[in-house]
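K.L.:
Questions regarding the structure given below will be posed in turn.
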Amino acid sequence: MSNKQKILIVDDDEHIAELISLYLNKECYETRMVHDGNSAVDVFNEFKPDLILLDLMLPGIDGYQVCREIRKDNNTPIIILSAKSETFDKVLGLELGADDYIIKPFDSKELIARVKAVLRRTTPVADAAQEVKEYVEYPGLVVNLSNYEVIYNGISVSMAPKEIELLYFLASSPNQVFTREQLLDHIWGYEYVGDTRTVDVHVKRIREKIADSDTWSLATVWGIGYKFDVKK
């Protein structure tokens, strides 16, 4: 049984898919390639990858629909690889649940760095010495970063890893205001080449899954950013 992390590459350009696979194999990842949207969903269920690299322009169902199908009941991290560079396309991809968005053509070193960064954030630490409970708790809400779980009113809520990290970061510093730039740096890292709207998209998705309570809220500070507001 291989202990390698598995990555599913979904791209209709076989040459690009093979090149990406070569880069990842050199980094000791196990890869599988598919070249159309319908096969992507089927192979995902069979291969059970740790991460998906997903092109948008695909035969059959497109990458957006693939993302929708996977996000119905699975939080496996998704990095979109696309030649579409418009802000609308990036925001739509993130709203559908993608964890990152890389524009083609891309540098192989940047791709590997992004893959490693996403997997670091989403892979549980097995080392018992590092099993430090990282969670915050408020009435009706528990955000546990050690196992990437959010409990809202006693029920486990399905959230993408970035949503959990963002909620945990804000809830760990109640009533402290953070700018979008600060949140982008803390959650996505200084190496992330992205738009501050990324933060807005993830806050919007969090708000769709949990509602503010009488004692706490995920508040917008207009013109600045966000804070986790706790009533004293």
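By convention here, the chains of the structure tokens are called A, B, ... in the order presented, each chain's residues are numbered starting at 1, and ligands are numbered starting at 1 in the order presented.
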Would you kindly return, as a list in words, each protein, DNA or RNA residue with an atom no farther than 10 Å from any atom of Glu165 in chain A, considering only C-alpha atoms and excluding same-chain residues fewer than 2 positions away?

P.N.:
Arg121, Thr122, Val143, Asn144, Leu145, Tyr148, Met159, Ala160, Pro161, Lys162, Glu163, Leu167, Tyr168, Phe169, Leu170, Ala171, His186, Ile187 and Trp188 of chain A

K.L.:
Can you write just those residues out, N, CA and C atoms, as a PDB file, in the first residue's frame?

P.N.:
ATOM      1  N   ARG A 121      -1.911  22.608   4.684  1.00  0.00           N
ATOM      2  CA  ARG A 121      -3.029  23.163   5.442  1.00  0.00           C
ATOM      3  C   ARG A 121      -4.148  22.157   5.652  1.00  0.00           C
ATOM      4  N   THR A 122      -4.239  21.162   4.792  1.00  0.00           N
ATOM      5  CA  THR A 122      -5.395  20.270   4.840  1.00  0.00           C
ATOM      6  C   THR A 122      -5.080  18.853   5.293  1.00  0.00           C
ATOM      7  N   VAL A 143     -15.009  25.782  16.779  1.00  0.00           N
ATOM      8  CA  VAL A 143     -14.165  25.713  15.589  1.00  0.00           C
ATOM      9  C   VAL A 143     -12.888  24.991  15.996  1.00  0.00           C
ATOM     10  N   ASN A 144     -12.718  23.779  15.504  1.00  0.00           N
ATOM     11  CA  ASN A 144     -11.591  22.939  15.902  1.00  0.00           C
ATOM     12  C   ASN A 144     -10.627  22.817  14.728  1.00  0.00           C
ATOM     13  N   LEU A 145      -9.462  23.452  14.864  1.00  0.00           N
ATOM     14  CA  LEU A 145      -8.476  23.434  13.782  1.00  0.00           C
ATOM     15  C   LEU A 145      -7.627  22.174  13.812  1.00  0.00           C
ATOM     16  N   TYR A 148     -10.026  20.054  11.840  1.00  0.00           N
ATOM     17  CA  TYR A 148     -10.765  20.780  10.799  1.00  0.00           C
ATOM     18  C   TYR A 148     -12.266  20.475  10.850  1.00  0.00           C
ATOM     19  N   MET A 159     -17.363  22.532   5.825  1.00  0.00           N
ATOM     20  CA  MET A 159     -16.694  23.736   5.338  1.00  0.00           C
ATOM     21  C   MET A 159     -15.387  23.361   4.667  1.00  0.00           C
ATOM     22  N   ALA A 160     -15.002  24.145   3.670  1.00  0.00           N
ATOM     23  CA  ALA A 160     -13.712  23.956   3.019  1.00  0.00           C
ATOM     24  C   ALA A 160     -12.598  24.344   4.003  1.00  0.00           C
ATOM     25  N   PRO A 161     -11.414  23.765   3.852  1.00  0.00           N
ATOM     26  CA  PRO A 161     -10.321  24.065   4.788  1.00  0.00           C
ATOM     27  C   PRO A 161     -10.040  25.550   4.978  1.00  0.00           C
ATOM     28  N   LYS A 162     -10.044  26.323   3.887  1.00  0.00           N
ATOM     29  CA  LYS A 162      -9.756  27.748   4.007  1.00  0.00           C
ATOM     30  C   LYS A 162     -10.832  28.475   4.813  1.00  0.00           C
ATOM     31  N   GLU A 163     -12.078  28.053   4.659  1.00  0.00           N
ATOM     32  CA  GLU A 163     -13.155  28.666   5.427  1.00  0.00           C
ATOM     33  C   GLU A 163     -12.948  28.425   6.919  1.00  0.00           C
ATOM     34  N   LEU A 167     -12.248  31.322   9.711  1.00  0.00           N
ATOM     35  CA  LEU A 167     -13.145  31.453  10.865  1.00  0.00           C
ATOM     36  C   LEU A 167     -12.375  31.278  12.161  1.00  0.00           C
ATOM     37  N   TYR A 168     -11.486  30.283  12.205  1.00  0.00           N
ATOM     38  CA  TYR A 168     -10.697  30.047  13.414  1.00  0.00           C
ATOM     39  C   TYR A 168      -9.804  31.246  13.730  1.00  0.00           C
ATOM     40  N   PHE A 169      -9.157  31.782  12.704  1.00  0.00           N
ATOM     41  CA  PHE A 169      -8.251  32.910  12.916  1.00  0.00           C
ATOM     42  C   PHE A 169      -9.003  34.113  13.496  1.00  0.00           C
ATOM     43  N   LEU A 170     -10.157  34.424  12.936  1.00  0.00           N
ATOM     44  CA  LEU A 170     -10.935  35.562  13.422  1.00  0.00           C
ATOM     45  C   LEU A 170     -11.478  35.294  14.825  1.00  0.00           C
ATOM     46  N   ALA A 171     -12.009  34.077  15.028  1.00  0.00           N
ATOM     47  CA  ALA A 171     -12.606  33.751  16.329  1.00  0.00           C
ATOM     48  C   ALA A 171     -11.557  33.636  17.433  1.00  0.00           C
ATOM     49  N   HIS A 186      -2.263  36.037   6.392  1.00  0.00           N
ATOM     50  CA  HIS A 186      -2.284  35.020   7.446  1.00  0.00           C
ATOM     51  C   HIS A 186      -2.824  33.689   6.955  1.00  0.00           C
ATOM     52  N   ILE A 187      -3.855  33.715   6.136  1.00  0.00           N
ATOM     53  CA  ILE A 187      -4.520  32.468   5.746  1.00  0.00           C
ATOM     54  C   ILE A 187      -3.952  31.882   4.460  1.00  0.00           C
ATOM     55  N   TRP A 188      -3.648  32.750   3.521  1.00  0.00           N
ATOM     56  CA  TRP A 188      -3.157  32.244   2.228  1.00  0.00           C
ATOM     57  C   TRP A 188      -1.639  32.324   2.102  1.00  0.00           C
TER      58      TRP A 188
END

K.L.:
Compare A:Arg120, A:His202, A:Lys4, A:His35 by their minimum atom-to-atom distance to Glu18 in chain A, counting only C-alpha atoms, and give me the closest one.

P.N.:
A:His35

K.L.:
A:Val230, A:Leu96, A:Met57, A:Leu81: which is nearest Glu137 in chain A, counting only C-alpha atoms?

P.N.:
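Using only C-alpha atoms, the shortest distance to Glu137 in chain A belongs to A:Val230.
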
K.L.:
Excluding Ala40 in chain A and its own-chain neighbours fewer than 3 positions away, which residues fall within 12 Å of it when counting only C-alpha atoms? Please give them as a VMD selection string.

P.N.:
chain A and resid 7 to 12 32 to 37 43 to 49 52 to 56 58 to 67 69 to 70

K.L.:
If you run DSSP on the backbone here, which positions in chain A get helix (DSSP H, G or I)? Please write them as number ranges by chain.

P.N.:
A: 14-26, 37-47, 63-71, 87-95, 108-122, 128-130, 161-171, 180-188, 197-209

K.L.:
Which residue out of A:Ser82, A:Asn38, A:Thr76, A:Ser108 has the minimum interatomic distance to Leu19 in chain A when only C-alpha atoms are used?

P.N.:
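So, comparing all the options, the nearest one is A:Ser108.
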
K.L.:
Which residues come within 10 Å of Ala211 in chain A, counting only C-alpha atoms, excluding same-chain residues fewer than 6 positions away, as a list in words?

P.N.:
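Within the cut-off, the hits are Tyr152, Ser217 and Leu218 of chain A.
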
K.L.:
Write to file, as a PDB file, in the first residue's frame, the residues of the selection just made, with all heavy atoms.

P.N.:
ATOM      1  N   TYR A 152     -21.808  23.631  14.806  1.00  0.00           N
ATOM      2  CA  TYR A 152     -22.712  24.773  14.930  1.00  0.00           C
ATOM      3  C   TYR A 152     -24.050  24.279  15.464  1.00  0.00           C
ATOM      4  O   TYR A 152     -24.698  23.437  14.841  1.00  0.00           O
ATOM      5  CB  TYR A 152     -22.877  25.447  13.575  1.00  0.00           C
ATOM      6  CG  TYR A 152     -23.866  26.588  13.552  1.00  0.00           C
ATOM      7  CD1 TYR A 152     -23.647  27.741  14.318  1.00  0.00           C
ATOM      8  CD2 TYR A 152     -25.009  26.522  12.769  1.00  0.00           C
ATOM      9  CE1 TYR A 152     -24.549  28.790  14.287  1.00  0.00           C
ATOM     10  CE2 TYR A 152     -25.918  27.571  12.726  1.00  0.00           C
ATOM     11  CZ  TYR A 152     -25.687  28.698  13.500  1.00  0.00           C
ATOM     12  OH  TYR A 152     -26.589  29.743  13.475  1.00  0.00           O
ATOM     13  N   SER A 217     -20.821  37.396  16.411  1.00  0.00           N
ATOM     14  CA  SER A 217     -21.154  37.555  14.998  1.00  0.00           C
ATOM     15  C   SER A 217     -19.882  37.731  14.189  1.00  0.00           C
ATOM     16  O   SER A 217     -18.862  38.212  14.695  1.00  0.00           O
ATOM     17  CB  SER A 217     -22.070  38.770  14.793  1.00  0.00           C
ATOM     18  OG  SER A 217     -21.408  39.971  15.162  1.00  0.00           O
ATOM     19  N   LEU A 218     -19.948  37.334  12.934  1.00  0.00           N
ATOM     20  CA  LEU A 218     -18.866  37.566  11.978  1.00  0.00           C
ATOM     21  C   LEU A 218     -19.195  38.887  11.306  1.00  0.00           C
ATOM     22  O   LEU A 218     -20.040  38.953  10.418  1.00  0.00           O
ATOM     23  CB  LEU A 218     -18.796  36.413  10.968  1.00  0.00           C
ATOM     24  CG  LEU A 218     -17.662  36.449   9.934  1.00  0.00           C
ATOM     25  CD1 LEU A 218     -16.308  36.619  10.599  1.00  0.00           C
ATOM     26  CD2 LEU A 218     -17.683  35.181   9.099  1.00  0.00           C
TER      27      LEU A 218
END

K.L.:
Where in range 34-79 of chain A does DSSP assign strand (DSSP E), given as an MDAnalysis selection string?

P.N.:
chainID A and resid 34 51:54 78:79

K.L.:
Produce a file of the selected residues containing N, CA and C atoms, as a compact mmCIF listing (two decimals), in the first residue's frame.

P.N.:
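To be explicit, this is the file written out as selection.txt:
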# COMPACT_ATOMS: atom_id res chain seq x y z
N VAL A 34 -7.13 12.64 -16.03
CA VAL A 34 -8.35 12.49 -16.84
C VAL A 34 -8.49 13.74 -17.69
N LEU A 51 -5.90 15.75 -3.37
CA LEU A 51 -6.00 17.09 -3.95
C LEU A 51 -6.35 16.94 -5.43
N ILE A 52 -7.06 17.93 -5.97
CA ILE A 52 -7.43 17.93 -7.38
C ILE A 52 -6.88 19.18 -8.05
N LEU A 53 -6.23 19.01 -9.20
CA LEU A 53 -5.83 20.12 -10.07
C LEU A 53 -6.83 20.13 -11.22
N LEU A 54 -7.60 21.20 -11.32
CA LEU A 54 -8.79 21.20 -12.18
C LEU A 54 -8.77 22.33 -13.20
N ILE A 78 -9.21 21.69 -3.85
CA ILE A 78 -9.21 21.85 -5.30
C ILE A 78 -8.42 23.09 -5.67
N ILE A 79 -7.46 22.92 -6.57
CA ILE A 79 -6.75 24.07 -7.15
C ILE A 79 -7.16 24.16 -8.62

K.L.:
For Asp200 in chain A, work out the shell of residues within 12 Å, counting only C-alpha atoms and skipping chain neighbours fewer than 6 positions away, then give it as a PyMOL selection string.

P.N.:
chain A and resi 91+94-95+163+166+179-181+183-184+206-207+218-222+224-226

K.L.:
One number please: CA of Ala98 in chain A to CA of Asn175 in chain A, in Å, one decimal.

P.N.:
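For CA of Ala98 in chain A relative to CA of Asn175 in chain A, the distance reads 28.5 Å.
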
K.L.:
Tell me, in Å to one decimal, how far CA of Asp73 in chain A is from CA of Gly189 in chain A.

P.N.:
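So the answer is 27.2 Å.
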
K.L.:
If you measure from CA of Val136 in chain A to CA of Gly223 in chain A, what distance in Å do you get, rounded to one decimal?

P.N.:
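CA of Gly223 in chain A lies at a distance of 27.1 Å from CA of Val136 in chain A.
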
K.L.:
With only C-alpha atoms as the basis for distance, which of A:Lys26, A:Lys84, A:Lys6, A:Arg197 is at the shortest distance from Ile112 in chain A?

P.N.:
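Closest to Ile112 in chain A, using only C-alpha atoms: A:Lys26.
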